[in-house]
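File shown here: start06.txt, holding compact mmCIF, C-alpha atoms.
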```
# COMPACT_ATOMS: atom_id res chain seq x y z
CA MET A 11 302.92 341.63 195.17
CA ARG A 12 302.95 341.22 191.41
CA THR A 13 300.96 343.74 189.43
CA ILE A 14 298.90 342.38 186.58
CA PRO A 15 298.60 344.72 183.57
CA PHE A 16 295.14 346.24 183.19
CA PRO A 17 294.15 344.58 179.87
CA ALA A 18 295.11 341.17 181.23
CA LEU A 19 293.14 341.80 184.41
CA THR A 20 290.08 342.94 182.46
CA ALA A 21 290.36 339.92 180.20
CA ARG A 22 290.44 337.62 183.23
CA TRP A 23 287.28 339.18 184.61
CA LEU A 24 285.52 338.94 181.28
CA MET A 25 286.63 335.34 180.91
CA ALA A 26 285.17 334.60 184.32
CA LEU A 27 281.92 336.22 183.19
CA LEU A 28 281.71 334.29 179.94
CA PRO A 29 280.27 331.06 181.36
CA LEU A 30 277.63 333.12 183.15
CA LEU A 31 276.76 334.96 179.96
CA CYS A 32 276.68 331.73 178.00
CA GLY A 33 274.45 330.15 180.58
CA CYS A 34 271.66 332.68 180.35
CA TYR A 35 269.11 333.30 177.61
CA LYS A 36 268.25 329.71 176.96
CA ASP A 37 265.62 329.01 174.34
CA GLU A 38 262.85 328.36 176.85
CA LEU A 39 259.89 329.44 174.69
CA ASP A 40 258.09 326.38 173.38
CA VAL A 41 255.31 327.14 170.89
CA ASP A 42 253.52 323.93 171.77
CA THR A 43 252.99 325.16 175.30
CA LEU A 44 251.42 328.39 174.07
CA ASN A 45 247.82 327.25 174.10
CA ASN A 46 246.18 328.88 177.08
CA ASN A 47 244.84 331.98 175.33
CA PRO A 48 241.11 331.51 174.56
CA PHE A 49 241.54 333.60 171.41
CA ASP A 50 244.06 331.06 170.11
CA ARG A 51 242.67 328.64 167.55
CA GLU A 52 244.71 325.94 169.26
CA TYR A 53 243.40 326.83 172.69
CA VAL A 54 243.40 323.93 175.13
CA GLY A 55 241.55 324.58 178.34
CA PRO A 56 238.19 324.79 180.00
CA PRO A 57 235.17 325.67 177.78
CA VAL A 58 234.84 329.35 177.04
CA PHE A 59 231.11 329.31 176.29
CA ALA A 60 228.25 328.14 178.42
CA PHE A 61 224.54 327.94 177.63
CA ASP A 62 222.51 330.32 179.74
CA THR A 63 218.85 330.33 178.65
CA THR A 64 216.38 330.54 175.80
CA PHE A 65 213.12 332.40 175.60
CA THR A 66 210.91 334.11 173.09
CA GLU A 67 210.15 337.77 172.78
CA VAL A 68 207.79 339.81 170.72
CA ILE A 69 209.07 342.81 168.87
CA ASN A 70 207.13 345.52 167.06
CA GLY A 71 203.92 344.02 168.46
CA ASP A 72 203.57 341.18 166.02
CA LEU A 73 207.00 339.60 165.38
CA THR A 74 208.12 336.80 167.68
CA ARG A 75 211.72 335.76 167.86
CA GLN A 76 213.63 333.25 169.88
CA VAL A 77 216.37 334.37 172.15
CA PHE A 78 219.37 332.18 172.80
CA GLN A 79 221.59 333.48 175.56
CA PHE A 80 225.01 332.18 176.42
CA ARG A 81 227.85 333.23 178.71
CA VAL A 82 231.49 333.81 177.89
CA ALA A 83 233.97 332.82 180.58
CA SER A 84 236.05 335.96 180.32
CA GLY A 85 237.85 334.92 183.49
CA LEU A 86 239.82 332.55 181.28
CA PHE A 87 241.28 335.45 179.33
CA LEU A 88 244.91 336.08 180.08
CA GLU A 89 244.24 339.84 179.91
CA PRO A 90 240.93 341.74 180.00
CA GLN A 91 239.77 342.00 176.38
CA SER A 92 236.81 343.23 174.43
CA TYR A 93 235.49 340.73 171.93
CA SER A 94 232.66 339.58 169.75
CA VAL A 95 231.37 336.06 169.22
CA PHE A 96 231.03 334.48 165.84
CA VAL A 97 227.87 332.36 165.87
CA GLN A 98 227.27 329.64 163.33
CA ASP A 99 223.70 328.38 163.49
CA GLN A 100 224.00 325.20 161.50
CA GLY A 101 220.34 324.39 161.86
CA ALA A 102 219.26 327.69 160.31
CA GLY A 103 222.28 327.81 158.00
CA VAL A 104 223.24 331.31 159.10
CA SER A 105 226.21 332.84 160.79
CA GLU A 106 226.68 336.20 162.35
CA ILE A 107 228.90 338.16 164.70
CA VAL A 108 227.35 338.91 168.06
CA PRO A 109 228.88 341.87 169.90
CA GLN A 110 229.02 342.47 173.63
CA PHE A 111 225.92 344.41 174.57
CA PRO A 112 226.13 346.36 176.72
CA ALA A 113 229.89 346.76 176.40
CA GLY A 114 231.74 344.68 178.92
CA SER A 115 228.88 342.24 179.39
CA ASP A 116 229.71 338.55 179.20
CA LEU A 117 226.10 337.51 178.66
CA LEU A 118 225.55 337.54 174.93
CA THR A 119 222.33 337.09 173.02
CA TYR A 120 221.66 335.40 169.70
CA TYR A 121 218.29 336.09 168.07
CA ARG A 122 216.79 333.46 165.87
CA THR A 123 213.89 333.87 163.46
CA PRO A 124 211.65 332.22 162.57
CA ALA A 125 210.93 330.48 165.78
CA GLY A 126 210.95 326.69 166.04
CA PRO A 127 209.39 325.86 169.38
CA GLY A 128 210.62 322.82 171.32
CA GLN A 129 213.55 322.38 168.98
CA GLU A 130 217.09 321.80 170.19
CA VAL A 131 219.47 324.28 168.68
CA CYS A 132 223.21 323.81 168.56
CA LEU A 133 225.41 326.81 167.92
CA GLN A 134 229.08 326.86 167.03
CA LEU A 135 230.62 329.76 168.89
CA SER A 136 234.03 331.31 168.44
CA LEU A 137 235.62 334.34 170.03
CA SER A 138 236.13 336.94 167.34
CA ASN A 139 238.07 340.12 166.79
CA ASN A 140 238.82 341.99 163.57
CA TYR A 141 236.64 339.45 161.72
CA HIS A 142 239.05 336.70 162.68
CA HIS A 143 237.61 333.80 164.64
CA GLY A 144 239.10 331.56 167.27
CA ARG A 145 238.50 327.98 168.18
CA ALA A 146 234.86 326.95 167.85
CA GLU A 147 232.86 325.39 170.63
CA THR A 148 229.40 323.96 170.29
CA ILE A 149 226.67 324.58 172.80
CA CYS A 150 223.12 323.42 172.55
CA GLY A 151 219.85 324.56 174.07
CA THR A 152 216.20 323.70 173.60
CA LEU A 153 214.04 326.48 172.32
CA PRO A 154 210.86 327.21 174.28
CA MET B 5 374.70 388.71 211.21
CA ARG B 6 372.15 391.39 210.52
CA THR B 7 373.82 392.11 207.16
CA TYR B 8 373.66 388.45 206.30
CA ALA B 9 369.92 388.39 207.14
CA ASN B 10 369.26 391.51 205.12
CA LYS B 11 371.06 390.01 202.19
CA TRP B 12 368.72 386.96 202.30
CA CYS B 13 365.76 389.27 202.65
CA TYR B 14 366.72 391.28 199.60
CA TRP B 15 367.28 388.07 197.67
CA TYR B 16 363.80 386.76 198.66
CA ILE B 17 362.12 390.05 197.68
CA GLY B 18 363.98 389.97 194.36
CA VAL B 19 362.74 386.43 193.67
CA GLN B 20 359.17 387.43 194.48
CA VAL B 21 359.37 390.47 192.18
CA CYS B 22 360.73 388.25 189.42
CA MET B 23 357.85 385.79 189.93
CA LEU B 24 355.32 388.61 189.80
CA LEU B 25 356.88 390.00 186.65
CA ASN B 26 356.91 386.51 185.19
CA SER B 27 353.23 385.88 186.06
CA SER B 28 352.30 389.29 184.67
CA ALA B 29 354.06 388.40 181.47
CA SER B 30 352.30 385.02 181.27
CA ALA B 31 348.88 386.65 181.94
CA GLN B 32 349.47 388.83 178.98
CA ALA B 33 350.33 385.75 176.93
CA ALA B 34 346.94 384.11 177.63
CA GLY B 35 344.12 383.43 175.24
CA LYS B 36 340.52 382.34 175.58
CA LEU B 37 338.65 379.33 174.29
CA ARG B 38 334.87 379.32 174.05
CA PHE B 39 333.27 375.91 173.57
CA ILE B 40 330.15 375.24 171.56
CA VAL B 41 329.64 371.56 172.11
CA ASP B 42 326.89 369.27 170.92
CA PRO B 43 325.13 368.17 173.24
CA GLY B 44 324.53 371.59 174.76
CA GLY B 45 325.88 372.37 178.19
CA ASN B 46 325.93 368.90 179.69
CA TYR B 47 329.54 368.08 178.94
CA SER B 48 332.85 367.90 180.81
CA PHE B 49 336.43 367.94 179.74
CA VAL B 50 339.84 367.12 181.11
CA LEU B 51 342.44 369.75 180.43
CA ASP B 52 345.99 368.73 179.77
CA HIS B 53 345.35 365.22 181.22
CA GLN B 54 345.03 366.77 184.66
CA PHE B 55 342.05 368.95 185.45
CA ARG B 56 338.45 367.99 185.06
CA MET B 57 336.33 371.02 184.22
CA GLN B 58 332.80 371.83 183.24
CA GLN B 59 332.56 375.32 181.77
CA ARG B 60 331.90 377.02 178.50
CA GLU B 61 334.91 379.28 178.48
CA VAL B 62 338.50 378.86 179.64
CA GLU B 63 341.42 381.25 179.67
CA LEU B 64 344.72 379.52 179.16
CA SER B 65 348.28 380.33 178.42
CA ALA B 66 349.12 380.59 174.76
CA GLY B 67 350.21 377.42 173.10
CA PRO B 68 348.84 373.92 172.54
CA HIS B 69 346.58 372.39 175.18
CA HIS B 70 345.17 368.91 175.27
CA PHE B 71 341.46 368.40 175.88
CA THR B 72 339.39 365.29 176.42
CA PHE B 73 335.70 366.06 176.04
CA TRP B 74 332.90 363.85 177.20
CA ALA B 75 329.14 364.05 177.77
CA PRO B 76 326.65 361.49 179.02
CA GLU B 77 325.77 358.96 176.31
CA ARG B 78 328.58 360.34 174.13
CA ARG B 79 332.01 359.12 173.23
CA MET B 80 335.16 360.80 174.57
CA VAL B 81 336.89 363.04 172.08
CA ASP B 82 340.59 363.86 172.43
CA THR B 83 341.91 366.97 170.76
CA THR B 84 344.71 369.46 171.04
CA ILE B 85 343.77 373.09 170.66
CA MET B 86 346.18 375.91 170.07
CA VAL B 87 345.49 378.90 172.31
CA VAL B 88 346.43 382.13 170.58
CA GLU B 89 347.62 385.01 172.69
CA GLY B 90 345.04 387.73 173.34
CA ARG B 91 342.36 386.10 171.22
CA THR B 92 339.10 384.31 171.95
CA LYS B 93 338.63 381.26 169.84
CA ASP B 94 335.27 379.52 169.33
CA ILE B 95 335.59 375.77 169.34
CA VAL B 96 332.65 373.97 167.75
CA LEU B 97 332.64 370.30 168.62
CA TYR B 98 330.29 367.38 168.08
CA LEU B 99 330.57 364.47 170.50
CA PRO B 100 329.39 361.32 168.74
CA TYR B 101 327.18 358.85 170.55
CA SER B 102 329.06 356.05 172.26
CA ASP B 103 328.81 352.48 171.01
CA ALA B 104 327.32 351.45 174.36
CA PHE B 105 324.59 354.07 173.97
CA ARG B 106 323.94 353.02 170.38
CA ALA B 107 323.56 349.43 171.57
CA TYR B 108 321.27 350.58 174.38
CA ASP B 109 319.26 352.70 171.97
CA ARG B 110 318.92 349.72 169.66
CA GLU B 111 317.75 347.57 172.57
CA VAL B 112 315.19 350.21 173.60
CA HIS B 113 313.98 350.37 170.02
CA GLU B 114 313.67 346.60 169.89
CA MET B 115 311.90 346.61 173.25
CA LYS B 116 309.38 349.11 171.92
CA LYS B 117 308.85 346.97 168.86
CA ARG B 118 308.52 343.91 171.06
CA ASN B 119 306.10 345.74 173.33
CA LEU B 120 304.03 346.61 170.29
CA LEU B 121 303.93 342.97 169.27
CA THR B 122 303.52 341.40 172.68
CA SER B 123 301.53 344.03 174.55
CA ALA B 124 299.83 346.56 172.28
CA LEU B 125 298.64 344.12 169.63
CA PRO B 126 297.39 341.52 172.13
CA THR B 127 295.62 344.30 174.02
CA LEU B 128 294.07 345.45 170.77
CA ALA B 129 293.10 341.85 170.00
CA ILE B 130 291.53 341.47 173.45
CA VAL B 131 289.61 344.71 173.04
CA GLY B 132 288.60 343.85 169.45
CA THR B 133 287.37 340.34 170.18
CA GLY B 134 285.84 341.60 173.43
CA VAL B 135 283.87 344.22 171.51
CA LEU B 136 282.89 341.58 168.95
CA ALA B 137 281.74 339.23 171.72
CA GLY B 138 279.92 342.14 173.41
CA VAL B 139 278.14 343.12 170.21
CA SER B 140 277.14 339.52 169.44
CA PHE B 141 275.96 339.13 173.04
CA GLY B 142 273.87 342.27 172.58
CA LYS B 143 272.29 340.78 169.46
CA TYR B 144 271.78 337.47 171.24
CA LYS B 145 270.07 339.32 174.09
CA SER B 146 267.91 341.28 171.61
CA ALA B 147 266.82 338.03 169.97
CA HIS B 148 265.95 336.64 173.39
CA ASP B 149 264.08 339.82 174.29
CA GLN B 150 262.18 339.52 171.02
CA LEU B 151 261.02 336.05 172.02
CA GLN B 152 259.95 337.37 175.39
CA ALA B 153 258.03 340.11 173.59
CA ASP B 154 256.43 337.43 171.43
CA GLU B 155 255.38 335.54 174.54
CA GLU B 156 253.90 338.72 175.96
CA ALA B 157 252.17 339.39 172.63
CA TYR B 158 250.62 335.95 172.82
CA ARG B 159 249.45 336.61 176.36
CA THR B 160 247.87 339.93 175.52
CA GLY B 161 246.68 339.03 172.01
CA SER B 162 242.99 338.99 171.20
CA ASP B 163 243.07 338.65 167.44
CA PRO B 164 242.99 334.94 166.53
CA GLN B 165 244.60 335.59 163.17
CA ALA B 166 247.44 337.60 164.73
CA ILE B 167 247.93 334.90 167.35
CA ALA B 168 248.07 332.22 164.66
CA GLN B 169 250.62 334.23 162.70
CA LEU B 170 252.63 334.78 165.86
CA LYS B 171 252.73 331.06 166.60
CA ASP B 172 253.18 329.81 163.08
CA VAL B 173 255.51 332.39 161.58
CA LEU B 174 256.96 334.94 163.95
CA ILE B 175 257.95 332.83 166.93
CA PRO B 176 259.60 330.05 164.88
CA GLY B 177 261.50 332.73 162.95
CA HIS B 178 262.56 334.46 166.12
CA LYS B 179 263.60 331.15 167.64
CA THR B 180 265.79 330.44 164.64
CA ASP B 181 267.18 333.94 164.96
CA LEU B 182 267.94 333.37 168.64
CA SER B 183 269.63 330.09 167.83
CA ASP B 184 271.77 331.75 165.14
CA LYS B 185 272.67 334.67 167.38
CA ARG B 186 273.55 332.31 170.19
CA GLY B 187 275.83 330.38 167.82
CA VAL B 188 277.57 333.58 166.75
CA PHE B 189 277.90 334.64 170.38
CA TYR B 190 279.43 331.30 171.39
CA VAL B 191 281.92 331.53 168.54
CA THR B 192 282.90 335.13 169.33
CA ALA B 193 282.99 334.43 173.05
CA GLY B 194 285.22 331.42 172.42
CA LEU B 195 287.43 333.50 170.18
CA PHE B 196 287.60 336.19 172.82
CA ALA B 197 288.45 333.66 175.52
CA ALA B 198 291.19 332.14 173.37
CA VAL B 199 292.60 335.55 172.46
CA ALA B 200 292.36 336.69 176.08
CA VAL B 201 294.22 333.63 177.33
CA GLY B 202 296.91 333.91 174.65
CA SER B 203 297.26 337.64 174.99
CA THR B 204 297.34 337.54 178.77
CA TRP B 205 300.09 334.98 178.58
CA MET B 206 302.05 337.13 176.12
CA ILE B 207 301.53 340.29 178.16
CA LEU B 208 302.56 338.62 181.40
CA ARG B 209 305.57 337.03 179.77
CA ASN B 210 306.60 340.38 178.32
CA ALA B 211 306.03 342.11 181.67
CA LYS B 212 308.59 339.76 183.24
CA ARG B 213 311.28 341.02 180.90
CA GLY B 214 313.07 344.01 182.32
CA ALA B 215 313.80 347.18 180.42
CA PRO B 216 317.31 347.46 178.97
CA LYS B 217 319.82 349.30 181.15
CA PHE B 218 322.37 351.74 179.90
CA ASN B 219 325.87 351.25 181.23
CA ASP B 220 327.85 354.32 180.28
CA THR B 221 331.29 352.79 179.86
CA GLU B 222 332.66 356.02 178.40
CA ARG B 223 331.84 357.74 181.65
CA VAL B 224 333.87 355.18 183.58
CA LYS B 225 336.78 355.74 181.22
CA PHE B 226 336.40 359.48 181.46
CA ASP B 227 336.26 359.40 185.26
CA GLY B 228 339.36 357.24 185.22
CA LEU B 229 341.31 359.91 183.40
CA VAL B 230 341.59 362.02 186.52
CA TRP B 231 341.33 359.30 189.16
CA MET B 232 344.41 359.33 191.30
CA PRO B 233 344.82 356.25 193.49
CA SER B 234 346.12 356.80 197.02
CA GLU B 235 346.50 354.90 200.25
CA ARG B 236 343.05 355.96 201.38
CA GLY B 237 341.36 354.88 198.19
CA GLY B 238 341.91 357.67 195.73
CA TYR B 239 340.62 361.06 194.68
CA PHE B 240 339.59 363.00 191.63
CA MET B 241 341.66 365.81 190.31
CA THR B 242 339.49 368.63 189.13
CA GLY B 243 340.31 372.09 187.95
CA MET B 244 338.43 375.33 188.16
CA HIS B 245 339.08 378.57 186.40
CA ILE B 246 338.24 381.84 188.15
CA ASN B 247 338.68 384.93 186.08
CA LEU B 248 339.99 387.55 188.53
CA ARG B 249 340.10 390.40 186.07
```

Represent the supplied structure as structure tokens.
Amino acid sequence: MRTIPFPALTARWLMALLPLLCGCYKDELDVDTLNNNPFDREYVGPPVFAFDTTFTEVINGDLTRQVFQFRVASGLFLEPQSYSVFVQDQGAGVSEIVPQFPAGSDLLTYYRTPAGPGQEVCLQLSLSNNYHHGRAETICGTLP
Amino acid sequence: MRTYANKWCYWYIGVQVCMLLNSSASAQAAGKLRFIVDPGGNYSFVLDHQFRMQQREVELSAGPHHFTFWAPERRMVDTTIMVVEGRTKDIVLYLPYSDAFRAYDREVHEMKKRNLLTSALPTLAIVGTGVLAGVSFGKYKSAHDQLQADEEAYRTGSDPQAIAQLKDVLIPGHKTDLSDKRGVFYVTAGLFAAVAVGSTWMILRNAKRGAPKFNDTERVKFDGLVWMPSERGGYFMTGMHINLR
């Protein structure tokens, strides 16, 4: 039986491995397909926000304010995350960041003053972190 | 009859006494030779075209004696040395290398040079290009791992701005990087494959060549000096000196 010198033998093995090595690590990451994170501004998927309810409440005995509650579908998150919601009230011309309260709650509340009874209010909502806002969704509700 | 026998007996004893006296006289007329031969102790010599010996010192009768010295790989050297009565003479002798050995040595030298060119250098080339291909593969893998990390960062990201930067800047950059690294890896892997094929061919071709063999023709000649042909094939004549004193 003929003996093959060690370097030649090693080279043969490595040459056999080359096609395998060349075959792996294909460029399979396509940026266009990265759109399932609700925090992404280019998010494409089911709505993240859903109208819950509106009601009025009296604070400090004499001040009435309208409460607009909405839900965040945190089940759409790819990982559990804490977040805030950036609310743009186009009717009132104000915007503010609404935090989770209590922490971990997905039912968020936007307070609106002065009250405008019977009025339909549309809010533009975006998930927010570090004062950066995601894709906006609009939800509407009629104030009591 | 008895007288006749006695006469022969006396004559025989007389001859023996004469021979003893003669040998005693020749023993007194002997001298010593001590050989200091390059290469060391591995040499032989033929004394007076008759006796093959292998010793450092010989005691011989005074007068000229012919020697043929030889050692493996060396040339035979013929010389006549005068043995001086009652004296020990140091003979310093250098046996030059034989032409056959010089040719063999040259062939071995060329074989080593050839081995360097056809085995050592190709091996070095295989190792070098292999390392290069390995390093570029490592970088290619790192670039791929970076993209995987980017994908994971997208999955776990919760900062819209960071996600936008990831998608708009980092991932395209890392994809370009991966593409570049893959190109470099393909080139180095191709180079390695080409070098490996070429080198393997050279190494295998060189391995088929046998090593040069040394045919000590001087030894054959030297052995022939004391080879006595006979009906049964022949025999060597060798000599041995035992100092009885």

(message) Residues near B:Ala129, anyone? I mean within 9 Å using only C-alpha atoms, not counting same-chain ones fewer than 4 positions away, as a list of chain:residue names.
(response)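 Neighbouring residues, sequence-local ones excluded: B:Ala124, B:Leu125, B:Thr133, B:Gly134, B:Phe196, B:Val199, B:Ala200, B:Ser203.
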
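Here atom CA of B:Ala66 is placed at a distance of 12.5 Å from atom CA of B:Thr84.
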
Using only C-alpha atoms, select each residue of chain B with any atom at most 10 Å away from an atom of chain A, and give the selection as a PDB file with C-alpha atoms, in the coordinates of the input.
```
ATOM      1  CA  SER B 123     301.530 344.030 174.550  1.00  0.00           C
ATOM      2  CA  ALA B 124     299.830 346.560 172.280  1.00  0.00           C
ATOM      3  CA  PRO B 126     297.390 341.520 172.130  1.00  0.00           C
ATOM      4  CA  THR B 127     295.620 344.300 174.020  1.00  0.00           C
ATOM      5  CA  LEU B 128     294.070 345.450 170.770  1.00  0.00           C
ATOM      6  CA  ILE B 130     291.530 341.470 173.450  1.00  0.00           C
ATOM      7  CA  VAL B 131     289.610 344.710 173.040  1.00  0.00           C
ATOM      8  CA  GLY B 134     285.840 341.600 173.430  1.00  0.00           C
ATOM      9  CA  ALA B 137     281.740 339.230 171.720  1.00  0.00           C
ATOM     10  CA  PHE B 141     275.960 339.130 173.040  1.00  0.00           C
ATOM     11  CA  TYR B 144     271.780 337.470 171.240  1.00  0.00           C
ATOM     12  CA  LYS B 145     270.070 339.320 174.090  1.00  0.00           C
ATOM     13  CA  ALA B 147     266.820 338.030 169.970  1.00  0.00           C
ATOM     14  CA  HIS B 148     265.950 336.640 173.390  1.00  0.00           C
ATOM     15  CA  ASP B 149     264.080 339.820 174.290  1.00  0.00           C
ATOM     16  CA  LEU B 151     261.020 336.050 172.020  1.00  0.00           C
ATOM     17  CA  GLN B 152     259.950 337.370 175.390  1.00  0.00           C
ATOM     18  CA  ASP B 154     256.430 337.430 171.430  1.00  0.00           C
ATOM     19  CA  GLU B 155     255.380 335.540 174.540  1.00  0.00           C
ATOM     20  CA  TYR B 158     250.620 335.950 172.820  1.00  0.00           C
ATOM     21  CA  ARG B 159     249.450 336.610 176.360  1.00  0.00           C
ATOM     22  CA  THR B 160     247.870 339.930 175.520  1.00  0.00           C
ATOM     23  CA  GLY B 161     246.680 339.030 172.010  1.00  0.00           C
ATOM     24  CA  SER B 162     242.990 338.990 171.200  1.00  0.00           C
ATOM     25  CA  ASP B 163     243.070 338.650 167.440  1.00  0.00           C
ATOM     26  CA  PRO B 164     242.990 334.940 166.530  1.00  0.00           C
ATOM     27  CA  GLN B 165     244.600 335.590 163.170  1.00  0.00           C
ATOM     28  CA  ALA B 166     247.440 337.600 164.730  1.00  0.00           C
ATOM     29  CA  ILE B 167     247.930 334.900 167.350  1.00  0.00           C
ATOM     30  CA  ALA B 168     248.070 332.220 164.660  1.00  0.00           C
ATOM     31  CA  LEU B 170     252.630 334.780 165.860  1.00  0.00           C
ATOM     32  CA  LYS B 171     252.730 331.060 166.600  1.00  0.00           C
ATOM     33  CA  ASP B 172     253.180 329.810 163.080  1.00  0.00           C
ATOM     34  CA  ILE B 175     257.950 332.830 166.930  1.00  0.00           C
ATOM     35  CA  PRO B 176     259.600 330.050 164.880  1.00  0.00           C
ATOM     36  CA  LYS B 179     263.600 331.150 167.640  1.00  0.00           C
ATOM     37  CA  THR B 180     265.790 330.440 164.640  1.00  0.00           C
ATOM     38  CA  LEU B 182     267.940 333.370 168.640  1.00  0.00           C
ATOM     39  CA  SER B 183     269.630 330.090 167.830  1.00  0.00           C
ATOM     40  CA  ARG B 186     273.550 332.310 170.190  1.00  0.00           C
ATOM     41  CA  PHE B 189     277.900 334.640 170.380  1.00  0.00           C
ATOM     42  CA  TYR B 190     279.430 331.300 171.390  1.00  0.00           C
ATOM     43  CA  ALA B 193     282.990 334.430 173.050  1.00  0.00           C
ATOM     44  CA  GLY B 194     285.220 331.420 172.420  1.00  0.00           C
ATOM     45  CA  PHE B 196     287.600 336.190 172.820  1.00  0.00           C
ATOM     46  CA  ALA B 197     288.450 333.660 175.520  1.00  0.00           C
ATOM     47  CA  ALA B 198     291.190 332.140 173.370  1.00  0.00           C
ATOM     48  CA  VAL B 199     292.600 335.550 172.460  1.00  0.00           C
ATOM     49  CA  ALA B 200     292.360 336.690 176.080  1.00  0.00           C
ATOM     50  CA  VAL B 201     294.220 333.630 177.330  1.00  0.00           C
ATOM     51  CA  GLY B 202     296.910 333.910 174.650  1.00  0.00           C
ATOM     52  CA  SER B 203     297.260 337.640 174.990  1.00  0.00           C
ATOM     53  CA  THR B 204     297.340 337.540 178.770  1.00  0.00           C
ATOM     54  CA  TRP B 205     300.090 334.980 178.580  1.00  0.00           C
ATOM     55  CA  MET B 206     302.050 337.130 176.120  1.00  0.00           C
ATOM     56  CA  ILE B 207     301.530 340.290 178.160  1.00  0.00           C
ATOM     57  CA  LEU B 208     302.560 338.620 181.400  1.00  0.00           C
ATOM     58  CA  ALA B 211     306.030 342.110 181.670  1.00  0.00           C
TER      59      ALA B 211
END
```

(request) Enter the distance from atom CA of B:Asn210 to atom CA of B:Arg110, in Å, rounded to one decimal. (result)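 Separation between atom CA of B:Asn210 and atom CA of B:Arg110: 17.7 Å.
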
(message) Could you tell me how far atom CA of A:Thr64 sits from atom CA of A:Asp99, in Å to one decimal place?
(response) 14.5 Å

(message) Which polymer residues, whether protein, DNA or RNA, lie within 7 Å of the coordinate (227.7, 329.0, 174.1) when you count only C-alpha atoms? List them as a list of chain:residue names, using the chain letters and numbers from the file.
(response)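 Result, sorted by chain then residue number: A:Phe59, A:Ala60, A:Phe61, A:Phe80, A:Arg81, A:Leu133, A:Leu135, A:Thr148, A:Ile149.
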
(request) Excluding stretch 116-122 of chain A and residues on its chain fewer than 2 positions from it, collect all residues at most 7 Å away from it, counting only C-alpha atoms, and give them as a list in words. (result) Arg75, Gln76, Val77, Phe78, Gln79, Phe80, Arg81, Val82, Ser84, Val108, Gln110, Phe111, Gly114, Pro124 and Ala125 of chain A

Starting from the structure just given, write a file holding stretch 187-197 of chain B with N, CA, C and O atoms, as a compact mmCIF listing (two decimals), in the first residue's frame.
```txt
# COMPACT_ATOMS: atom_id res chain seq x y z
N GLY B 187 -15.78 37.08 -0.67
CA GLY B 187 -14.96 37.16 -1.88
C GLY B 187 -13.51 36.83 -1.57
O GLY B 187 -12.88 36.03 -2.28
N VAL B 188 -13.00 37.42 -0.49
CA VAL B 188 -11.61 37.16 -0.10
C VAL B 188 -11.44 35.68 0.23
O VAL B 188 -10.45 35.04 -0.17
N PHE B 189 -12.42 35.12 0.93
CA PHE B 189 -12.33 33.70 1.29
C PHE B 189 -12.33 32.83 0.05
O PHE B 189 -11.54 31.88 -0.05
N TYR B 190 -13.20 33.14 -0.91
CA TYR B 190 -13.23 32.33 -2.14
C TYR B 190 -11.90 32.39 -2.87
O TYR B 190 -11.40 31.38 -3.36
N VAL B 191 -11.32 33.59 -2.91
CA VAL B 191 -10.03 33.75 -3.60
C VAL B 191 -8.95 32.94 -2.89
O VAL B 191 -8.21 32.17 -3.50
N THR B 192 -8.88 33.10 -1.55
CA THR B 192 -7.83 32.39 -0.80
C THR B 192 -8.07 30.89 -0.82
O THR B 192 -7.13 30.11 -0.89
N ALA B 193 -9.35 30.50 -0.76
CA ALA B 193 -9.65 29.06 -0.80
C ALA B 193 -9.28 28.49 -2.17
O ALA B 193 -8.74 27.38 -2.25
N GLY B 194 -9.55 29.27 -3.22
CA GLY B 194 -9.18 28.82 -4.56
C GLY B 194 -7.67 28.71 -4.70
O GLY B 194 -7.15 27.75 -5.26
N LEU B 195 -7.00 29.71 -4.15
CA LEU B 195 -5.53 29.71 -4.18
C LEU B 195 -5.00 28.50 -3.44
O LEU B 195 -4.10 27.79 -3.91
N PHE B 196 -5.58 28.26 -2.28
CA PHE B 196 -5.16 27.12 -1.47
C PHE B 196 -5.40 25.81 -2.22
O PHE B 196 -4.53 24.93 -2.25
N ALA B 197 -6.56 25.71 -2.86
CA ALA B 197 -6.88 24.48 -3.58
C ALA B 197 -5.88 24.27 -4.72
O ALA B 197 -5.37 23.17 -4.92
```
